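The next block is my_file06.pdb, given as PDB, N, CA and C atoms.
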ATOM      1  N   MET A  18      22.407   5.460 -68.981
ATOM      2  CA  MET A  18      23.627   5.471 -68.192
ATOM      3  C   MET A  18      23.912   4.075 -67.661
ATOM      4  N   ALA A  19      25.106   3.630 -67.777
ATOM      5  CA  ALA A  19      25.485   2.300 -67.303
ATOM      6  C   ALA A  19      25.553   2.291 -65.790
ATOM      7  N   GLY A  20      25.133   1.185 -65.204
ATOM      8  CA  GLY A  20      25.199   1.054 -63.756
ATOM      9  C   GLY A  20      26.510   0.442 -63.319
ATOM     10  N   LYS A  21      26.594   0.207 -62.023
ATOM     11  CA  LYS A  21      27.792  -0.400 -61.453
ATOM     12  C   LYS A  21      27.936  -1.845 -61.912
ATOM     13  N   LYS A  22      29.179  -2.315 -61.881
ATOM     14  CA  LYS A  22      29.452  -3.694 -62.273
ATOM     15  C   LYS A  22      30.058  -4.497 -61.134
ATOM     16  N   ALA A  23      30.222  -3.860 -59.965
ATOM     17  CA  ALA A  23      30.752  -4.563 -58.797
ATOM     18  C   ALA A  23      30.496  -3.718 -57.560
ATOM     19  N   GLY A  24      30.487  -4.386 -56.414
ATOM     20  CA  GLY A  24      30.346  -3.651 -55.164
ATOM     21  C   GLY A  24      29.915  -4.560 -54.037
ATOM     22  N   ASN A  25      29.737  -3.955 -52.865
ATOM     23  CA  ASN A  25      29.271  -4.705 -51.701
ATOM     24  C   ASN A  25      27.840  -5.159 -51.938
ATOM     25  N   LEU A  26      27.496  -6.293 -51.362
ATOM     26  CA  LEU A  26      26.150  -6.841 -51.532
ATOM     27  C   LEU A  26      25.237  -6.204 -50.489
ATOM     28  N   ASN A  27      24.663  -5.050 -50.849
ATOM     29  CA  ASN A  27      23.724  -4.346 -49.985
ATOM     30  C   ASN A  27      22.671  -3.672 -50.859
ATOM     31  N   LYS A  28      21.619  -3.145 -50.241
ATOM     32  CA  LYS A  28      20.498  -2.569 -50.995
ATOM     33  C   LYS A  28      20.934  -1.438 -51.915
ATOM     34  N   THR A  29      21.811  -0.573 -51.438
ATOM     35  CA  THR A  29      22.250   0.563 -52.242
ATOM     36  C   THR A  29      22.974   0.096 -53.497
ATOM     37  N   THR A  30      23.933  -0.791 -53.344
ATOM     38  CA  THR A  30      24.691  -1.289 -54.495
ATOM     39  C   THR A  30      23.792  -2.042 -55.459
ATOM     40  N   VAL A  31      22.940  -2.916 -54.935
ATOM     41  CA  VAL A  31      22.061  -3.706 -55.803
ATOM     42  C   VAL A  31      21.174  -2.790 -56.635
ATOM     43  N   ALA A  32      20.657  -1.723 -56.046
ATOM     44  CA  ALA A  32      19.807  -0.782 -56.781
ATOM     45  C   ALA A  32      20.568  -0.070 -57.891
ATOM     46  N   GLU A  33      21.892   0.051 -57.751
ATOM     47  CA  GLU A  33      22.715   0.774 -58.726
ATOM     48  C   GLU A  33      23.387  -0.127 -59.764
ATOM     49  N   LEU A  34      23.186  -1.432 -59.680
ATOM     50  CA  LEU A  34      23.849  -2.353 -60.605
ATOM     51  C   LEU A  34      23.345  -2.164 -62.029
ATOM     52  N   ALA A  35      24.235  -2.407 -62.974
ATOM     53  CA  ALA A  35      23.877  -2.348 -64.397
ATOM     54  C   ALA A  35      22.745  -3.335 -64.660
ATOM     55  N   ASN A  36      21.695  -2.868 -65.334
ATOM     56  CA  ASN A  36      20.501  -3.684 -65.536
ATOM     57  C   ASN A  36      20.068  -3.671 -67.004
ATOM     58  N   ASP A  37      20.916  -3.114 -67.871
ATOM     59  CA  ASP A  37      20.538  -2.905 -69.263
ATOM     60  C   ASP A  37      20.964  -4.015 -70.217
ATOM     61  N   LYS A  38      21.665  -5.020 -69.702
ATOM     62  CA  LYS A  38      22.078  -6.174 -70.508
ATOM     63  C   LYS A  38      22.012  -7.421 -69.640
ATOM     64  N   ALA A  39      21.984  -8.576 -70.293
ATOM     65  CA  ALA A  39      22.084  -9.839 -69.561
ATOM     66  C   ALA A  39      23.444  -9.887 -68.881
ATOM     67  N   VAL A  40      23.515 -10.541 -67.732
ATOM     68  CA  VAL A  40      24.788 -10.624 -67.017
ATOM     69  C   VAL A  40      25.044 -12.018 -66.481
ATOM     70  N   VAL A  41      26.322 -12.301 -66.277
ATOM     71  CA  VAL A  41      26.761 -13.406 -65.443
ATOM     72  C   VAL A  41      27.300 -12.726 -64.190
ATOM     73  N   TYR A  42      26.916 -13.236 -63.032
ATOM     74  CA  TYR A  42      27.352 -12.602 -61.794
ATOM     75  C   TYR A  42      28.001 -13.606 -60.857
ATOM     76  N   LYS A  43      28.964 -13.079 -60.096
ATOM     77  CA  LYS A  43      29.647 -13.875 -59.077
ATOM     78  C   LYS A  43      29.392 -13.219 -57.734
ATOM     79  N   ILE A  44      29.008 -14.014 -56.764
ATOM     80  CA  ILE A  44      28.875 -13.532 -55.401
ATOM     81  C   ILE A  44      30.062 -14.087 -54.632
ATOM     82  N   LYS A  45      30.752 -13.179 -53.944
ATOM     83  CA  LYS A  45      31.988 -13.555 -53.268
ATOM     84  C   LYS A  45      31.876 -13.347 -51.761
ATOM     85  N   ASN A  46      32.667 -14.119 -51.017
ATOM     86  CA  ASN A  46      32.713 -13.978 -49.560
ATOM     87  C   ASN A  46      33.767 -12.944 -49.173
ATOM     88  N   ALA A  47      34.000 -12.781 -47.868
ATOM     89  CA  ALA A  47      34.957 -11.778 -47.378
ATOM     90  C   ALA A  47      36.379 -12.032 -47.865
ATOM     91  N   LYS A  48      36.717 -13.293 -48.147
ATOM     92  CA  LYS A  48      38.055 -13.629 -48.646
ATOM     93  C   LYS A  48      38.199 -13.365 -50.145
ATOM     94  N   GLY A  49      37.070 -13.106 -50.816
ATOM     95  CA  GLY A  49      37.094 -12.901 -52.258
ATOM     96  C   GLY A  49      36.863 -14.177 -53.043
ATOM     97  N   ASP A  50      36.511 -15.266 -52.335
ATOM     98  CA  ASP A  50      36.223 -16.530 -53.012
ATOM     99  C   ASP A  50      34.846 -16.477 -53.663
ATOM    100  N   ASN A  51      34.739 -16.996 -54.872
ATOM    101  CA  ASN A  51      33.458 -17.090 -55.563
ATOM    102  C   ASN A  51      32.629 -18.178 -54.874
ATOM    103  N   VAL A  52      31.513 -17.788 -54.239
ATOM    104  CA  VAL A  52      30.678 -18.768 -53.544
ATOM    105  C   VAL A  52      29.386 -19.066 -54.295
ATOM    106  N   TYR A  53      29.059 -18.238 -55.305
ATOM    107  CA  TYR A  53      27.873 -18.495 -56.118
ATOM    108  C   TYR A  53      28.015 -17.759 -57.442
ATOM    109  N   THR A  54      27.632 -18.418 -58.519
ATOM    110  CA  THR A  54      27.634 -17.814 -59.849
ATOM    111  C   THR A  54      26.267 -18.027 -60.469
ATOM    112  N   GLY A  55      25.764 -17.004 -61.131
ATOM    113  CA  GLY A  55      24.472 -17.111 -61.799
ATOM    114  C   GLY A  55      24.430 -16.258 -63.045
ATOM    115  N   ALA A  56      23.351 -16.419 -63.803
ATOM    116  CA  ALA A  56      23.124 -15.627 -65.012
ATOM    117  C   ALA A  56      21.695 -15.117 -64.950
ATOM    118  N   VAL A  57      21.488 -13.922 -65.477
ATOM    119  CA  VAL A  57      20.154 -13.333 -65.440
ATOM    120  C   VAL A  57      19.950 -12.435 -66.661
ATOM    121  N   ALA A  58      18.706 -12.362 -67.098
ATOM    122  CA  ALA A  58      18.344 -11.579 -68.273
ATOM    123  C   ALA A  58      18.342 -10.077 -67.991
ATOM    124  N   ARG A  59      18.477  -9.330 -69.043
ATOM    125  CA  ARG A  59      18.384  -7.865 -68.986
ATOM    126  C   ARG A  59      17.076  -7.458 -68.297
ATOM    127  N   GLY A  60      17.159  -6.441 -67.459
ATOM    128  CA  GLY A  60      15.976  -5.930 -66.790
ATOM    129  C   GLY A  60      15.611  -6.635 -65.493
ATOM    130  N   LYS A  61      16.284  -7.755 -65.190
ATOM    131  CA  LYS A  61      15.969  -8.530 -63.987
ATOM    132  C   LYS A  61      17.165  -8.661 -63.047
ATOM    133  N   VAL A  62      18.234  -7.957 -63.368
ATOM    134  CA  VAL A  62      19.488  -8.090 -62.623
ATOM    135  C   VAL A  62      19.306  -7.712 -61.153
ATOM    136  N   ASN A  63      18.774  -6.527 -60.910
ATOM    137  CA  ASN A  63      18.639  -6.038 -59.540
ATOM    138  C   ASN A  63      17.753  -6.958 -58.703
ATOM    139  N   GLU A  64      16.634  -7.353 -59.277
ATOM    140  CA  GLU A  64      15.681  -8.218 -58.579
ATOM    141  C   GLU A  64      16.313  -9.565 -58.218
ATOM    142  N   GLN A  65      17.020 -10.176 -59.166
ATOM    143  CA  GLN A  65      17.618 -11.494 -58.921
ATOM    144  C   GLN A  65      18.721 -11.422 -57.874
ATOM    145  N   ILE A  66      19.597 -10.452 -57.969
ATOM    146  CA  ILE A  66      20.712 -10.367 -57.025
ATOM    147  C   ILE A  66      20.218 -10.010 -55.629
ATOM    148  N   ALA A  67      19.162  -9.216 -55.531
ATOM    149  CA  ALA A  67      18.587  -8.887 -54.219
ATOM    150  C   ALA A  67      18.122 -10.149 -53.494
ATOM    151  N   LYS A  68      17.707 -11.161 -54.228
ATOM    152  CA  LYS A  68      17.273 -12.430 -53.609
ATOM    153  C   LYS A  68      18.418 -13.109 -52.859
ATOM    154  N   HIS A  69      19.660 -12.822 -53.246
ATOM    155  CA  HIS A  69      20.819 -13.472 -52.631
ATOM    156  C   HIS A  69      21.349 -12.730 -51.406
ATOM    157  N   MET A  70      20.795 -11.559 -51.111
ATOM    158  CA  MET A  70      21.223 -10.792 -49.940
ATOM    159  C   MET A  70      20.679 -11.440 -48.664
ATOM    160  N   ARG A  71      21.302 -11.107 -47.536
ATOM    161  CA  ARG A  71      20.823 -11.608 -46.249
ATOM    162  C   ARG A  71      19.341 -11.263 -46.111
ATOM    163  N   GLY A  72      18.530 -12.257 -45.743
ATOM    164  CA  GLY A  72      17.096 -12.059 -45.613
ATOM    165  C   GLY A  72      16.331 -12.302 -46.898
ATOM    166  N   GLY A  73      17.035 -12.477 -48.005
ATOM    167  CA  GLY A  73      16.389 -12.748 -49.292
ATOM    168  C   GLY A  73      15.946 -14.188 -49.383
ATOM    169  N   GLU A  74      15.060 -14.463 -50.326
ATOM    170  CA  GLU A  74      14.513 -15.816 -50.441
ATOM    171  C   GLU A  74      15.538 -16.863 -50.893
ATOM    172  N   GLU A  75      16.635 -16.428 -51.481
ATOM    173  CA  GLU A  75      17.714 -17.339 -51.896
ATOM    174  C   GLU A  75      19.048 -16.838 -51.345
ATOM    175  N   ALA A  76      19.039 -16.440 -50.071
ATOM    176  CA  ALA A  76      20.220 -15.827 -49.449
ATOM    177  C   ALA A  76      21.435 -16.752 -49.509
ATOM    178  N   ILE A  77      22.586 -16.177 -49.791
ATOM    179  CA  ILE A  77      23.855 -16.907 -49.851
ATOM    180  C   ILE A  77      24.619 -16.591 -48.562
ATOM    181  N   PRO A  78      24.831 -17.598 -47.711
ATOM    182  CA  PRO A  78      25.568 -17.357 -46.460
ATOM    183  C   PRO A  78      26.974 -16.806 -46.719
ATOM    184  N   GLY A  79      27.335 -15.775 -45.986
ATOM    185  CA  GLY A  79      28.672 -15.209 -46.102
ATOM    186  C   GLY A  79      28.884 -14.314 -47.299
ATOM    187  N   ALA A  80      27.841 -14.031 -48.075
ATOM    188  CA  ALA A  80      27.972 -13.182 -49.264
ATOM    189  C   ALA A  80      28.349 -11.763 -48.862
ATOM    190  N   LYS A  81      29.396 -11.231 -49.483
ATOM    191  CA  LYS A  81      29.863  -9.876 -49.167
ATOM    192  C   LYS A  81      29.864  -8.951 -50.376
ATOM    193  N   THR A  82      30.271  -9.466 -51.544
ATOM    194  CA  THR A  82      30.352  -8.619 -52.732
ATOM    195  C   THR A  82      29.739  -9.319 -53.934
ATOM    196  N   VAL A  83      29.448  -8.533 -54.958
ATOM    197  CA  VAL A  83      28.929  -9.060 -56.213
ATOM    198  C   VAL A  83      29.728  -8.439 -57.349
ATOM    199  N   GLN A  84      29.969  -9.244 -58.381
ATOM    200  CA  GLN A  84      30.704  -8.796 -59.570
ATOM    201  C   GLN A  84      29.905  -9.205 -60.797
ATOM    202  N   LEU A  85      29.662  -8.270 -61.707
ATOM    203  CA  LEU A  85      28.904  -8.534 -62.928
ATOM    204  C   LEU A  85      29.797  -8.489 -64.151
ATOM    205  N   THR A  86      29.464  -9.322 -65.127
ATOM    206  CA  THR A  86      30.045  -9.214 -66.463
ATOM    207  C   THR A  86      28.873  -9.203 -67.426
ATOM    208  N   GLN A  87      28.714  -8.115 -68.156
ATOM    209  CA  GLN A  87      27.599  -8.006 -69.080
ATOM    210  C   GLN A  87      27.862  -8.831 -70.338
ATOM    211  N   LYS A  88      26.775  -9.407 -70.860
ATOM    212  CA  LYS A  88      26.831 -10.217 -72.074
ATOM    213  C   LYS A  88      25.763  -9.737 -73.053
ATOM    214  N   ALA A  89      25.904 -10.091 -74.315
ATOM    215  CA  ALA A  89      24.963  -9.646 -75.347
ATOM    216  C   ALA A  89      23.591 -10.295 -75.192
ATOM    217  N   THR A  90      23.568 -11.562 -74.772
ATOM    218  CA  THR A  90      22.305 -12.289 -74.630
ATOM    219  C   THR A  90      22.313 -13.094 -73.336
ATOM    220  N   VAL A  91      21.126 -13.484 -72.889
ATOM    221  CA  VAL A  91      21.048 -14.316 -71.689
ATOM    222  C   VAL A  91      21.630 -15.701 -71.968
ATOM    223  N   GLY A  92      21.531 -16.179 -73.196
ATOM    224  CA  GLY A  92      22.131 -17.463 -73.559
ATOM    225  C   GLY A  92      23.646 -17.436 -73.398
ATOM    226  N   GLU A  93      24.246 -16.341 -73.842
ATOM    227  CA  GLU A  93      25.689 -16.176 -73.691
ATOM    228  C   GLU A  93      26.059 -16.094 -72.203
ATOM    229  N   ALA A  94      25.238 -15.403 -71.417
ATOM    230  CA  ALA A  94      25.488 -15.297 -69.974
ATOM    231  C   ALA A  94      25.404 -16.674 -69.307
ATOM    232  N   ARG A  95      24.430 -17.466 -69.694
ATOM    233  CA  ARG A  95      24.279 -18.811 -69.109
ATOM    234  C   ARG A  95      25.466 -19.705 -69.455
ATOM    235  N   LYS A  96      25.917 -19.646 -70.695
ATOM    236  CA  LYS A  96      27.079 -20.456 -71.089
ATOM    237  C   LYS A  96      28.321 -20.042 -70.303
ATOM    238  N   SER A  97      28.511 -18.746 -70.136
ATOM    239  CA  SER A  97      29.645 -18.240 -69.372
ATOM    240  C   SER A  97      29.542 -18.689 -67.913
ATOM    241  N   ALA A  98      28.336 -18.611 -67.343
ATOM    242  CA  ALA A  98      28.131 -19.050 -65.957
ATOM    243  C   ALA A  98      28.455 -20.532 -65.804
ATOM    244  N   GLU A  99      28.047 -21.343 -66.764
ATOM    245  CA  GLU A  99      28.340 -22.782 -66.714
ATOM    246  C   GLU A  99      29.841 -23.040 -66.686
ATOM    247  N   ARG A 100      30.585 -22.309 -67.524
ATOM    248  CA  ARG A 100      32.042 -22.471 -67.552
ATOM    249  C   ARG A 100      32.668 -22.056 -66.215
ATOM    250  N   ILE A 101      32.208 -20.960 -65.655
ATOM    251  CA  ILE A 101      32.734 -20.480 -64.375
ATOM    252  C   ILE A 101      32.423 -21.474 -63.262
ATOM    253  N   ILE A 102      31.213 -21.998 -63.244
ATOM    254  CA  ILE A 102      30.821 -22.976 -62.215
ATOM    255  C   ILE A 102      31.673 -24.234 -62.329
ATOM    256  N   LYS A 103      31.890 -24.688 -63.542
ATOM    257  CA  LYS A 103      32.725 -25.879 -63.758
ATOM    258  C   LYS A 103      34.153 -25.649 -63.279
ATOM    259  N   ARG A 104      34.682 -24.456 -63.553
ATOM    260  CA  ARG A 104      36.055 -24.118 -63.185
ATOM    261  C   ARG A 104      36.207 -23.836 -61.686
ATOM    262  N   ASP A 105      35.342 -22.981 -61.129
ATOM    263  CA  ASP A 105      35.490 -22.512 -59.753
ATOM    264  C   ASP A 105      34.824 -23.402 -58.708
ATOM    265  N   LYS A 106      33.809 -24.171 -59.111
ATOM    266  CA  LYS A 106      33.041 -25.005 -58.187
ATOM    267  C   LYS A 106      32.571 -24.221 -56.953
ATOM    268  N   PRO A 107      31.786 -23.133 -57.177
ATOM    269  CA  PRO A 107      31.316 -22.329 -56.057
ATOM    270  C   PRO A 107      30.512 -23.158 -55.058
ATOM    271  N   LYS A 108      30.708 -22.868 -53.796
ATOM    272  CA  LYS A 108      30.139 -23.642 -52.697
ATOM    273  C   LYS A 108      28.615 -23.777 -52.774
ATOM    274  N   TYR A 109      27.910 -22.730 -53.201
ATOM    275  CA  TYR A 109      26.445 -22.751 -53.165
ATOM    276  C   TYR A 109      25.770 -22.989 -54.502
ATOM    277  N   ASN A 110      26.538 -23.346 -55.528
ATOM    278  CA  ASN A 110      25.944 -23.798 -56.778
ATOM    279  C   ASN A 110      25.756 -25.304 -56.681
ATOM    280  N   ASP A 111      24.571 -25.769 -56.951
ATOM    281  CA  ASP A 111      24.292 -27.223 -56.871
ATOM    282  C   ASP A 111      24.819 -27.966 -58.061
TER     283      ASP A 111
END

The structure in this file should be written as structure tokens.
Amino acid sequence: MAGKKAGNLNKTTVAELANDKAVVYKIKNAKGDNVYTGAVARGKVNEQIAKHMRGGEEAIPGAKTVQLTQKATVGEARKSAERIIKRDKPKYND
């Protein structure tokens, strides 16, 4: 069964996120601005995004929602993330 592809950044939503394919993800603030973009391999989606929640080891200040786009491979997800970062210039991407 496919998981969620978007929602509020909280434990319940993160546990329900699609985890069966590599993804590129955007973390957005209350205004809907993309503040962080990343890519992660299949099977590690929930774990990686949980790190960005308040109290997580890589917490993103002001993070409110997460949006996923599934990709066929992690390489494809990384390339997509690079394009999004170049275009959007998210505040917390170095």

Go through the shown structure with the PyMOL selection byres ((chain A and resi 24-29) around 7) and write out the matching residues as a PyMOL selection string. chain A and resi 21-23+30-34+70-71+80-85

Which of these residues is nearest to Ser97 of chain A, using only C-alpha atoms: A:Val62, A:Ile77, A:Ala39, A:Ile44?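 For Ser97 of chain A, the nearest of the candidates is A:Ala39.
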
Once you count only C-alpha atoms, which residues end up no further than 12 Å from (24.8, -15.8, -67.7) in the file's frame, shown as a PyMOL selection string? chain A and resi 38-43+54-59+62+85-102

One decimal, in Å: what's the spacing between atom N of Lys61 of chain A and atom N of Glu74 of chain A? 16.4 Å

Mind giving me the straight-line distance from atom C of Glu75 of chain A to atom C of Tyr109 of chain A in Å, one decimal?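 That distance, rounded to one decimal, is 9.6 Å.
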
To one decimal in Å, tell me the separation between atom C of Asn63 of chain A and atom CA of Asp50 of chain A.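 Distance reported for this atom pair: 21.6 Å.
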
Pick out each residue of chain A that DSSP on the backbone tags as strand (DSSP E); I need them as a list of chain:residue names.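 Answer for chain A, restricted to strand (DSSP E): A:Ala23, A:Gly24, A:Asn25, A:Ala39, A:Val40, A:Val41, A:Tyr42, A:Lys43, A:Ile44, A:Lys45, A:Asn51, A:Val52, A:Tyr53, A:Thr54, A:Gly55, A:Ala56, A:Val57, A:Thr82, A:Val83, A:Gln84, A:Leu85, A:Thr86, A:Gln87, A:Lys88.
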
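Residues of chain A carrying a DSSP assignment of alpha helix (DSSP H), computed from the backbone, are A:Lys28, A:Thr29, A:Thr30, A:Val31, A:Ala32, A:Glu33, A:Val62, A:Asn63, A:Glu64, A:Gln65, A:Ile66, A:Ala67, A:Val91, A:Gly92, A:Glu93, A:Ala94, A:Arg95, A:Lys96, A:Ser97, A:Ala98, A:Glu99, A:Arg100, A:Ile101, A:Ile102, A:Lys103, A:Arg104, A:Asp105.
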
Best match for closeness to Lys108 of chain A among A:Gly20, A:Asn46, A:Asp37, A:Asn51, counting only N, CA and C atoms: A:Asn51

Please return the centre and edge lengths, in Å to one decimal, of a box with edges along x, y and z that contains all listed atoms of segment 47-62 of chain A, widened by 6 Å on every side, as AutoDock Vina command-line options.
--center_x 26.9 --center_y -12.5 --center_z -58.2 --size_x 34.6 --size_y 25.1 --size_z 33.7
